[in-house]
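J.: Next comes the structure file run_6.cif, holding mmCIF, C-alpha atoms and all ligand atoms.
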data_entry
#
loop_
_atom_site.label_atom_id
_atom_site.label_comp_id
_atom_site.auth_asym_id
_atom_site.auth_seq_id
_atom_site.Cartn_x
_atom_site.Cartn_y
_atom_site.Cartn_z
CA MET A 15 -132.89 125.60 -67.99
CA ASN A 16 -133.73 126.27 -64.31
CA GLN A 17 -137.15 127.80 -63.90
CA PRO A 18 -136.65 131.22 -62.22
CA VAL A 19 -139.55 130.83 -59.81
CA PRO A 20 -138.97 133.32 -56.98
CA ALA A 21 -138.25 131.64 -53.62
CA MET A 22 -140.88 133.94 -52.16
CA ILE A 23 -143.77 135.23 -54.25
CA LYS A 24 -144.53 138.82 -53.29
CA ILE A 25 -147.97 140.30 -53.87
CA ALA A 26 -148.40 144.01 -53.16
CA VAL A 27 -151.81 145.46 -52.35
CA ALA A 28 -151.88 149.13 -53.30
CA SER A 29 -154.10 152.07 -54.14
CA GLY A 30 -153.61 155.58 -55.45
CA LYS A 31 -155.07 157.08 -52.29
CA GLY A 32 -155.69 156.15 -48.68
CA GLY A 33 -159.02 154.82 -47.44
CA THR A 34 -159.91 152.68 -50.48
CA GLY A 35 -159.53 149.37 -48.64
CA LYS A 36 -156.02 148.09 -49.42
CA THR A 37 -155.34 147.17 -45.77
CA PHE A 38 -158.72 145.44 -45.68
CA VAL A 39 -157.77 143.32 -48.73
CA ALA A 40 -154.15 142.65 -47.60
CA THR A 41 -155.10 141.51 -44.08
CA ASN A 42 -157.97 139.30 -45.30
CA ILE A 43 -155.81 137.60 -47.94
CA PHE A 44 -153.09 136.97 -45.33
CA TYR A 45 -155.61 135.54 -42.90
CA SER A 46 -157.11 133.20 -45.52
CA LEU A 47 -153.63 131.88 -46.40
CA VAL A 48 -152.58 131.28 -42.81
CA LYS A 49 -155.86 129.59 -41.90
CA ASN A 50 -155.41 127.33 -44.91
CA LYS A 51 -152.05 126.32 -43.34
CA ILE A 52 -149.93 128.18 -45.89
CA SER A 53 -146.93 129.85 -44.32
CA ALA A 54 -147.01 133.55 -45.27
CA VAL A 55 -145.58 136.92 -44.29
CA LEU A 56 -147.61 140.09 -44.10
CA ILE A 57 -145.38 143.16 -44.53
CA ASP A 58 -146.98 146.41 -43.50
CA CYS A 59 -145.11 148.86 -45.75
CA ASP A 60 -147.41 151.77 -44.93
CA ALA A 61 -144.61 152.99 -42.68
CA GLU A 62 -146.09 156.39 -41.86
CA ALA A 63 -149.31 154.90 -40.47
CA PRO A 64 -148.98 151.10 -40.09
CA ASN A 65 -152.11 149.42 -38.71
CA ASP A 66 -152.17 145.81 -40.00
CA LEU A 67 -151.25 144.53 -36.55
CA SER A 68 -154.47 145.81 -35.03
CA PHE A 69 -156.34 143.00 -36.84
CA PHE A 70 -154.25 140.14 -35.39
CA LYS A 71 -153.17 138.73 -32.04
CA ALA A 72 -149.50 138.29 -32.82
CA GLU A 73 -146.49 137.58 -30.59
CA PRO A 74 -143.57 140.06 -30.69
CA LEU A 75 -140.36 138.52 -32.06
CA SER A 76 -137.86 141.32 -32.63
CA SER A 77 -137.47 145.03 -33.22
CA ILE A 78 -134.59 146.71 -35.06
CA ASP A 79 -133.75 150.36 -35.52
CA VAL A 80 -133.26 151.59 -39.08
CA LYS A 81 -130.43 154.10 -39.17
CA GLN A 82 -128.93 156.37 -41.74
CA LEU A 83 -125.58 158.14 -41.66
CA VAL A 84 -125.82 161.91 -42.04
CA PRO A 85 -122.83 164.21 -42.43
CA VAL A 86 -121.49 166.45 -39.71
CA ILE A 87 -119.32 169.31 -40.94
CA ASP A 88 -116.31 170.45 -38.94
CA THR A 89 -116.29 174.21 -39.56
CA ASN A 90 -112.69 174.44 -38.26
CA LYS A 91 -111.51 172.32 -41.20
CA CYS A 92 -114.06 173.51 -43.80
CA THR A 93 -112.74 175.98 -46.42
CA PHE A 94 -116.28 176.69 -47.72
CA CYS A 95 -115.18 175.56 -51.19
CA GLY A 96 -118.74 174.36 -51.96
CA LYS A 97 -117.79 170.96 -53.44
CA CYS A 98 -120.09 169.03 -51.06
CA HIS A 99 -123.00 171.35 -51.94
CA GLU A 100 -122.29 170.76 -55.64
CA TYR A 101 -122.26 166.94 -55.21
CA CYS A 102 -125.44 166.79 -53.15
CA ASN A 103 -128.33 165.84 -55.44
CA TYR A 104 -130.87 166.50 -52.70
CA ASN A 105 -130.03 170.13 -51.83
CA ALA A 106 -129.34 169.00 -48.28
CA ILE A 107 -126.33 171.25 -47.76
CA PHE A 108 -126.99 174.93 -47.19
CA LEU A 109 -123.91 177.06 -47.90
CA LEU A 110 -123.21 180.81 -47.64
CA PRO A 111 -119.44 181.26 -48.24
CA PRO A 112 -119.33 185.07 -47.73
CA VAL A 113 -120.48 184.67 -44.11
CA LYS A 114 -118.79 181.25 -43.65
CA MET A 115 -122.01 179.45 -43.02
CA ILE A 116 -122.55 175.77 -43.87
CA LYS A 117 -125.33 173.52 -42.58
CA VAL A 118 -126.66 170.03 -43.32
CA ILE A 119 -130.44 169.85 -43.52
CA ASP A 120 -131.02 166.40 -41.96
CA ASP A 121 -134.58 166.09 -43.29
CA LEU A 122 -133.40 166.38 -46.91
CA CYS A 123 -130.31 164.18 -46.52
CA HIS A 124 -130.60 160.71 -48.13
CA GLY A 125 -127.37 159.43 -46.54
CA CYS A 126 -125.78 158.79 -49.93
CA GLY A 127 -122.29 159.76 -48.72
CA ALA A 128 -121.42 161.77 -51.86
CA CYS A 129 -120.47 164.88 -49.86
CA SER A 130 -117.96 162.94 -47.73
CA VAL A 131 -116.32 161.60 -50.90
CA ALA A 132 -116.30 165.08 -52.49
CA CYS A 133 -114.68 166.89 -49.56
CA GLY A 134 -110.93 167.09 -50.04
CA TYR A 135 -110.30 168.71 -46.64
CA GLY A 136 -111.45 165.95 -44.27
CA ALA A 137 -114.10 168.30 -42.92
CA ILE A 138 -116.98 165.81 -43.05
CA ASN A 139 -117.67 163.09 -40.49
CA GLU A 140 -120.87 161.05 -40.23
CA ARG A 141 -123.28 160.30 -37.40
CA PRO A 142 -126.11 157.75 -37.32
CA VAL A 143 -129.69 159.01 -37.18
CA ILE A 144 -132.63 156.69 -36.39
CA LEU A 145 -135.27 156.79 -39.16
CA GLY A 146 -137.66 154.24 -37.74
CA THR A 147 -138.07 150.64 -36.65
CA VAL A 148 -138.90 147.30 -38.22
CA ASN A 149 -140.92 145.17 -35.83
CA SER A 150 -141.47 141.44 -36.38
CA TYR A 151 -144.26 139.34 -34.92
CA SER A 152 -145.10 135.68 -35.07
CA PHE A 153 -148.61 134.68 -36.11
CA TYR A 154 -149.84 131.11 -35.92
CA GLY A 155 -146.32 129.67 -35.62
CA LEU A 156 -145.14 129.45 -39.22
CA SER A 157 -146.31 132.87 -40.34
CA SER A 158 -145.21 136.35 -39.43
CA ILE A 159 -146.15 140.00 -39.61
CA ILE A 160 -143.44 142.57 -40.26
CA GLU A 161 -144.21 146.19 -39.57
CA ALA A 162 -142.26 149.13 -41.01
CA ARG A 163 -142.70 152.17 -38.78
CA THR A 164 -141.10 155.53 -39.59
CA LYS A 165 -140.18 157.90 -36.76
CA ILE A 166 -142.41 160.99 -36.65
CA GLY A 167 -140.82 163.86 -38.57
CA VAL A 168 -138.70 161.68 -40.90
CA THR A 169 -139.24 162.85 -44.47
CA SER A 170 -138.85 159.60 -46.40
CA PRO A 171 -140.09 156.18 -45.21
CA VAL A 172 -138.24 154.44 -48.07
CA PRO A 173 -135.19 153.13 -46.08
CA VAL A 174 -137.53 151.70 -43.40
CA ILE A 175 -139.71 150.01 -46.05
CA LYS A 176 -136.63 148.55 -47.76
CA THR A 177 -135.38 147.13 -44.45
CA ALA A 178 -138.78 145.58 -43.69
CA ILE A 179 -138.88 143.84 -47.09
CA ARG A 180 -135.28 142.65 -46.62
CA GLN A 181 -136.16 141.39 -43.13
CA ALA A 182 -138.80 139.07 -44.63
CA GLY A 183 -136.01 137.40 -46.65
CA ASN A 184 -137.37 134.16 -48.06
CA SER A 185 -138.90 133.12 -44.76
CA ALA A 186 -142.17 131.91 -46.34
CA PRO A 187 -143.34 130.94 -49.83
CA ILE A 188 -145.61 133.97 -50.08
CA ALA A 189 -145.54 137.55 -48.83
CA ILE A 190 -148.36 140.08 -48.89
CA LEU A 191 -147.12 143.68 -48.95
CA ASP A 192 -149.55 146.32 -47.74
CA SER A 193 -148.29 149.28 -49.79
CA PRO A 194 -148.27 152.94 -48.74
CA PRO A 195 -150.97 154.99 -50.52
CA GLY A 196 -150.22 157.31 -53.44
CA THR A 197 -147.85 156.81 -56.34
CA SER A 198 -144.66 158.42 -55.03
CA CYS A 199 -141.35 156.81 -53.90
CA PRO A 200 -142.78 154.64 -51.03
CA PHE A 201 -145.41 153.15 -53.41
CA ILE A 202 -142.75 152.54 -56.09
CA GLN A 203 -140.35 150.97 -53.57
CA THR A 204 -143.04 148.52 -52.44
CA THR A 205 -144.51 147.63 -55.82
CA ALA A 206 -141.10 147.37 -57.52
CA ALA A 207 -140.12 144.71 -54.96
CA SER A 208 -143.26 142.66 -55.78
CA ASP A 209 -144.11 140.07 -58.42
CA TYR A 210 -147.72 141.21 -58.79
CA VAL A 211 -149.79 144.19 -57.65
CA ILE A 212 -153.44 144.18 -56.61
CA LEU A 213 -154.82 147.69 -57.03
CA VAL A 214 -157.81 148.49 -54.87
CA THR A 215 -160.13 151.23 -56.04
CA GLU A 216 -163.71 152.40 -55.63
CA PRO A 217 -166.30 153.31 -58.29
CA THR A 218 -166.11 157.08 -57.80
CA PRO A 219 -164.48 159.89 -59.86
CA PHE A 220 -161.63 160.11 -57.29
CA GLY A 221 -161.20 156.33 -57.42
CA LEU A 222 -160.96 156.38 -61.21
CA SER A 223 -158.50 159.28 -61.26
CA ASP A 224 -156.21 157.59 -58.69
CA LEU A 225 -156.50 154.25 -60.47
CA LYS A 226 -155.32 155.82 -63.74
CA GLN A 227 -152.26 157.30 -61.99
CA SER A 228 -151.39 154.01 -60.29
CA ILE A 229 -151.70 152.07 -63.54
CA TYR A 230 -149.58 154.64 -65.38
CA THR A 231 -146.83 154.21 -62.73
CA LEU A 232 -147.02 150.39 -62.70
CA ARG A 233 -146.79 150.28 -66.49
CA LYS A 234 -143.68 152.47 -66.33
CA ILE A 235 -142.00 150.01 -63.96
CA LYS A 236 -143.44 147.04 -65.91
CA LYS A 237 -145.32 145.40 -63.04
CA PRO A 238 -148.26 143.07 -63.70
CA PHE A 239 -151.44 144.07 -61.91
CA GLY A 240 -155.16 143.50 -61.56
CA VAL A 241 -157.91 145.54 -59.90
CA ILE A 242 -160.34 144.92 -57.05
CA ILE A 243 -163.27 147.31 -56.86
CA ASN A 244 -164.21 147.98 -53.27
CA ARG A 245 -167.57 149.43 -52.23
CA ALA A 246 -169.06 148.16 -55.51
CA GLY A 247 -172.57 149.52 -56.04
CA LEU A 248 -171.59 152.99 -54.82
CA GLY A 249 -171.07 155.72 -57.43
CA SER A 250 -171.21 155.12 -61.19
CA ARG A 251 -170.09 152.53 -63.79
CA ASP A 252 -167.35 154.83 -65.16
CA VAL A 253 -164.52 152.83 -63.57
CA TYR A 254 -165.84 149.59 -65.12
CA ARG A 255 -166.23 151.21 -68.56
CA TRP A 256 -162.72 152.68 -68.45
CA MET A 257 -161.23 149.35 -67.33
CA GLU A 258 -163.03 147.49 -70.12
CA GLU A 259 -161.91 149.98 -72.78
CA ASN A 260 -158.31 149.71 -71.54
CA LYS A 261 -158.38 145.92 -71.03
CA ILE A 262 -157.57 146.17 -67.32
CA PRO A 263 -158.15 142.84 -65.52
CA LEU A 264 -160.88 142.93 -62.86
CA LEU A 265 -159.92 140.52 -60.06
CA GLY A 266 -163.04 140.93 -58.00
CA GLU A 267 -165.53 143.21 -56.28
CA ILE A 268 -166.36 143.86 -52.65
CA PRO A 269 -169.88 145.22 -52.26
CA PHE A 270 -170.79 148.46 -50.51
CA ASP A 271 -172.30 146.76 -47.50
CA GLU A 272 -173.01 147.99 -43.99
CA LYS A 273 -172.08 144.60 -42.47
CA ILE A 274 -168.60 144.68 -44.09
CA ALA A 275 -167.99 148.26 -42.94
CA ARG A 276 -169.04 147.37 -39.39
CA ILE A 277 -166.75 144.32 -39.21
CA TYR A 278 -163.80 146.40 -40.41
CA SER A 279 -164.50 149.31 -38.08
CA GLU A 280 -164.61 146.89 -35.12
CA GLY A 281 -161.08 145.75 -35.97
CA SER A 282 -162.26 142.31 -37.16
CA LEU A 283 -161.57 140.47 -40.40
CA LEU A 284 -164.32 139.72 -42.90
CA ALA A 285 -162.64 136.41 -43.82
CA ALA A 286 -162.79 135.38 -40.16
CA GLU A 287 -166.48 136.24 -39.85
CA ASP A 288 -167.83 135.04 -43.18
CA PRO A 289 -166.85 131.66 -44.73
CA VAL A 290 -167.92 132.78 -48.24
CA TYR A 291 -165.42 135.67 -48.18
CA PHE A 292 -162.82 133.43 -46.55
CA ASP A 293 -162.98 131.16 -49.63
CA GLU A 294 -163.06 134.12 -52.02
CA PHE A 295 -159.90 135.70 -50.60
CA PHE A 296 -158.10 132.36 -50.72
CA GLU A 297 -159.27 131.68 -54.27
CA LEU A 298 -158.06 135.16 -55.30
CA THR A 299 -154.53 134.34 -54.08
CA ASN A 300 -154.60 131.05 -56.02
CA ARG A 301 -155.62 132.88 -59.19
CA ILE A 302 -152.80 135.41 -58.78
CA GLY A 303 -150.36 132.54 -58.16
CA ASN A 304 -151.44 131.05 -61.50
CA ILE A 305 -151.08 134.42 -63.29
CA ILE A 306 -147.51 134.74 -61.93
CA LYS A 307 -146.68 131.16 -63.02
CA ASP A 308 -148.07 131.85 -66.53
CA GLN A 309 -145.93 134.98 -66.77
CA ILE A 310 -142.81 133.03 -65.84
CA THR A 311 -143.64 130.42 -68.49
CA LEU A 312 -144.23 133.15 -71.09
CA ALA A 313 -140.91 134.84 -70.24
CA LEU A 314 -139.11 131.48 -70.56
CA ASN A 315 -140.60 130.82 -74.00
CA LYS A 316 -139.70 134.23 -75.42
S1 LIG B 1 -116.43 170.15 -49.47
FE1 LIG B 1 -115.55 170.12 -47.42
S2 LIG B 1 -114.38 171.96 -47.30
FE2 LIG B 1 -115.68 172.21 -49.07
S3 LIG B 1 -117.48 173.26 -48.27
FE3 LIG B 1 -117.89 171.11 -48.12
S4 LIG B 1 -117.26 170.53 -46.07
FE4 LIG B 1 -116.32 172.48 -46.49
S1 LIG B 2 -125.06 162.36 -47.57
FE1 LIG B 2 -125.77 162.67 -49.69
S2 LIG B 2 -127.80 163.56 -49.41
FE2 LIG B 2 -126.78 163.76 -47.44
S3 LIG B 2 -125.90 165.79 -47.49
FE3 LIG B 2 -124.32 164.38 -48.22
S4 LIG B 2 -124.53 164.37 -50.44
FE4 LIG B 2 -126.39 165.27 -49.61
#
Any chance you could put this one into C-alpha cells?
Ligand code: SF4
Ligand code: SF4

T.:
Amino acid sequence: MNQPVPAMIKIAVASGKGGTGKTFVATNIFYSLVKNKISAVLIDCDAEAPNDLSFFKAEPLSSIDVKQLVPVIDTNKCTFCGKCHEYCNYNAIFLLPPVKMIKVIDDLCHGCGACSVACGYGAINERPVILGTVNSYSFYGLSSIIEARTKIGVTSPVPVIKTAIRQAGNSAPIAILDSPPGTSCPFIQTTAASDYVILVTEPTPFGLSDLKQSIYTLRKIKKPFGVIINRAGLGSRDVYRWMEENKIPLLGEIPFDEKIARIYSEGSLLAAEDPVYFDEFFELTNRIGNIIKDQITLALNK
C-alpha cells in the first residue's frame, strides 16, 4: 500500500482571538525552518489584516486578483417571479414584486450562481468583482511567503484565503499557515486545509474561553492539535488545569518577558535574535512532523 504522506505538510497556527501571538509563533517557526535550509512556505491567511511580511525582507514575485462573479439583473427581462430569491441561500437578492423592485446585495452574494440557473427568463447576467489579492514573495531563494489580502469592505475573506492556499500548491515540503483569529468561516477554511493545528493561547480567563471554543471547533472538523501558551507566568494556572483535565497536549510555553515583547514590537524575530529560541522553534516543528507521521501510521493500521 502507498503511504498517503501529503506532498506538502501544512501546519496552521491559530487562536480563538487576535493578539495572543499566533503571528509571532508562525513567523518564528518559518524563520527557523528556512535558516535550517528547509524549503518552506509561509501563508498569511489573516486576509483582513495580513502582517507576516513586515518581519521579513522578501522579494516580490507575483500578484493576482481574486474575483467572484456576481449577478446583474436585467429588469427589462425580469418578470419578478421570485425564483432567484427563493434559490439564494444567502438572502442576497432583495425583491419587492408589487413595486417591481429587485436588487442584488453584492456584500451578501457568495457567487454560487444558483440564481442564474434558477432564472427561466434569461434576466440574469454576471459581472466579475475583485475581492482581494494574493501576493507572492520569494524569501531566501527556495522559500516563499504568500499573502492573502482582502479588499476593504468585502464581507468574506474565504475566497481569497482559498486562493492563497491553492497558490502554494506543493511548492515546498512544509507550509505554515497563519490563520485568521476567531472560530468562524475564515478560521475553519484555514484549519480544515491543514494537517495539524497549533493553538496559541494565554493563561487568562479570556484565553481559556477562546481556547475552549477553538478546540470545540477543531474536534468537530476532526483536526489534530496541540497548544502553546504564550505570556506564560501572567494570569492564573486555570488554563493548565483545564488542559490537564481534558488531556490537551501542551506543545510549549513562551514566557511573559519584556525582552520578547520588545523584539516583537520592533518588527524583529525572536528566533533571529536568540539562538535558544531558534532551536526551540525548529525542534517544535520536528515534533509536530513526528506527530503527523504517527497519525498516518495509525490510520494505515486501522
Ligand atoms: S428568477 Fe429571473 S425573472 Fe424571476 S425574479 Fe429572478 S431575475 Fe427576475
Ligand atoms: S450568486 Fe448565489 S449568493 Fe449570489 S445572489 Fe445568486 S444565488 Fe445568491

J.: Quick one: distance from CA of Arg141 (chain A) to CA of Leu110 (chain A) in Å, one decimal?

T.: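 Answer for the CA of Arg141 (chain A) to CA of Leu110 (chain A) separation: 22.9 Å.
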
J.: As a quick test: using all atoms listed in the file, which residues lie no more than 12 Å away from ligand LIG 2 (chain B)? Give them as a ChimeraX atom specification.

T.: /A:82-87,96-109,116-133,138-143

J.: Given 3 Å of margin on each side, can you work out the centre and size in Å (one decimal) of an axis-aligned box holding every listed atom of region 28-39 of chain A, as AutoDock Vina command-line options?

T.:
--center_x -155.9 --center_y 150.2 --center_z -50.6 --size_x 14.0 --size_y 19.8 --size_z 15.8

J.: Just to confirm, what's the straight-line distance from CA of Thr93 (chain A) to atom FE3 of ligand LIG 1 (chain B) in Å (one decimal)?

T.: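 Between these atoms lies a distance of 7.3 Å.
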
J.: Env of Ile159 (chain A): 8 Å cut, atoms = all atoms listed in the file, seq-sep filter 3 positions within chain, self excluded. Answer as a PyMOL selection string.

T.: chain A and resi 55-58+67+72+150-153
